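Data block below; observations after.
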Amino acid sequence: MEPSKEYLFNHKGFYFVTQGATPENIDALETFEIRDSDIFIATFPKSGTVWMQNILNLILHEGHRNGTEDVENMDRIPWLEYNFRNMDYAALPSPRVFATHLPYYLTPRDLRNKRVIYVTRNPKDVVVSYYHFTKIMSSLEEVSDFSLFLERFLAGKVMGSSWMDHVTGWYSHAQDFNILFLTYEEMKKDLRSAVLKICNFLGKQLSEEEVESVVRQAMFENMRKDPRANYEKMPGHREEDGKCLFLRKGTVGDWKNLMTVAQSERVDEVLKKKMESLPIKFIWDI
Ligand code: A3P
């Protein structure tokens, strides 16, 4: 049941991947200097982080680039706690955008009252996406048996720790941040409305054509074709033709293809116990 120390380490009650983070770096984030213009994307892994990175990239920068500029999402919107490219974050131009899987209590002190977009996804699709992800990432321990992976996930013994604690933590501390909550499922159902919500949150005015262009480029099939957006150069992936297959299916309800009825009921039971009081309605299928 315990995750292998080769892949994960626990710091202050939270599991990090050993490749890319150290306890010292994480502690240093507490005093990381935040600008008023910064934007954070916070998620539990596999909830649509890279999708949101692409959407923000398009909303904030597409007006300034002619569509041929070759900057990857990972460079434009780096990971706060995993500085894969050894960037000097203090030298980045404003508005900076960071992605993070940190729980609310490990984020920089100065992030209080600053802008955060928190994306949730129904946990059955999260765990199935996560299970497939362990197969393509050399930085994660591959667990071949899904029922074992599910138990680890429910026990919070994965990178990102407990899905329930992550989501509950961010929701119950919403008043500490200037936060926009979005769900993967609402983005999937009506991407245009989600893009408009984000623009509104950021105070960004886009023309009708620009909104259409963001929506078009953020659709799964189009993102998959765009090497700037599809994370095919993700560090630490198990090679498949030299490319990372980060964008796998991009659907709602894929859990039904893997979970047994008993496993699905097991998740329902845990959720009922732990999350009943939260204002979240899960969408299991669309
Ligand atoms: P699947 O494995 O179910 O396909 P994260 O970026 O937080 O790790 O989340 C990854 C999940 O988001 C993957 O789910 C990935 O395919 C999905 N995703 C990425 N871009 C997407 C898009 N444009 N539309 C729908 N899903 C997307």
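We label chains A, B, ... in the order they appear in the structure tokens, count residues from 1 in each chain, and number ligands from 1 in the order shown.
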
query: Which residues form the shell of 10 Å around ligand 1 when you count only C-alpha atoms and all ligand atoms, given as a PyMOL selection string?
result: chain A and resi 42-55+99-101+119-121+124-133+184-185+187-188+191+215-224+229-231+245-255

Strand (DSSP E or B) per DSSP on the backbone: members of range 27-249 of chain A, as JSON, numbers by chain: {"A": [39, 40, 41, 42, 43, 79, 97, 98, 99, 100, 115, 116, 117, 118, 119, 120, 137, 178, 179, 180, 181, 182, 183, 237, 240, 243]}

task: Choose the residue, out of A:Pro93, A:Val71, A:Lys135, A:Leu150, that has the smallest atom-to-atom separation from Ala262 in chain A; count only C-alpha atoms.
output: A:Leu150

message: For a quick check of understanding, using only C-alpha atoms, which of A:Asn257, A:Ser207, A:Thr31, A:Ser277 has the smallest distance to Asp110 in chain A?
response: A:Thr31

Once you count only C-alpha atoms, what closest atom pair and distance in Å to one decimal does each residue of range 5-117 of chain A within 7 Å of range 176-182 of chain A have, with rows by chain and rising residue number, as JSON lines?
```
{"residue": "A:Arg112", "atom": "CA", "partner": "A:Phe177", "partner_atom": "CA", "distance": 5.0}
{"residue": "A:Asn113", "atom": "CA", "partner": "A:Phe177", "partner_atom": "CA", "distance": 4.0}
{"residue": "A:Lys114", "atom": "CA", "partner": "A:Asn178", "partner_atom": "CA", "distance": 5.1}
{"residue": "A:Arg115", "atom": "CA", "partner": "A:Asn178", "partner_atom": "CA", "distance": 4.8}
{"residue": "A:Val116", "atom": "CA", "partner": "A:Ile179", "partner_atom": "CA", "distance": 4.7}
{"residue": "A:Ile117", "atom": "CA", "partner": "A:Leu180", "partner_atom": "CA", "distance": 4.8}
```

Could you write out the selected residues, including C-alpha atoms, as a PDB file, in the first residue's frame?
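In the end it all went to selection.pdb:
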```pdb
ATOM      1  CA  ARG A 112      -3.741  35.261  -0.084  1.00  0.00           C
ATOM      2  CA  ASN A 113      -6.409  37.353  -1.871  1.00  0.00           C
ATOM      3  CA  LYS A 114      -4.668  36.813  -5.215  1.00  0.00           C
ATOM      4  CA  ARG A 115      -6.121  35.209  -8.329  1.00  0.00           C
ATOM      5  CA  VAL A 116      -6.468  31.438  -8.422  1.00  0.00           C
ATOM      6  CA  ILE A 117      -8.392  29.295 -10.883  1.00  0.00           C
TER       7      ILE A 117
END
```

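Among the candidate residues A:Glu151, A:Glu33, A:Glu81, A:Glu276, the one lying nearest to Gly20 in chain A is A:Glu81, with distances computed using only C-alpha atoms.
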
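Distance-wise, CA of His173 in chain A and CA of Pro123 in chain A end up 20.1 Å apart.
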
query: Quick one: DSSP alpha helix (DSSP H) residues in range 149-269 of chain A, as a PyMOL selection string?
result: chain A and resi 149-154+163-172+184-189+191-202+208-218+220-225+261-269

- prompt: Just how far from CA of Phe153 in chain A is CA of Val267 in chain A, in Å to one decimal?
  reply: 10.1 Å

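When the distance limit is 9 Å and only C-alpha atoms are what count, the residues near Ser147 in chain A, minus those fewer than 4 positions from it on the same chain, are Glu151, Arg152, Met259 and Gln263 of chain A.
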
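Minimum distance to Cys199 in chain A across A:Ala90, A:Pro227, A:Asp145, A:Leu58 (counting only C-alpha atoms) occurs at A:Leu58.
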
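CA of Ser37 in chain A is positioned 11.9 Å from CA of Leu92 in chain A.
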
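When only C-alpha atoms are used to compute distances to Leu206 in chain A, the closest of the residues A:Ala194, A:Leu278, A:Ile34, A:Ile59 turns out to be A:Ile59.
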
field: Residue nearest Ser172 in chain A - candidates A:Pro95, A:Pro23, A:Pro103, A:Pro3, atoms counted: only C-alpha atoms
entry: A:Pro103
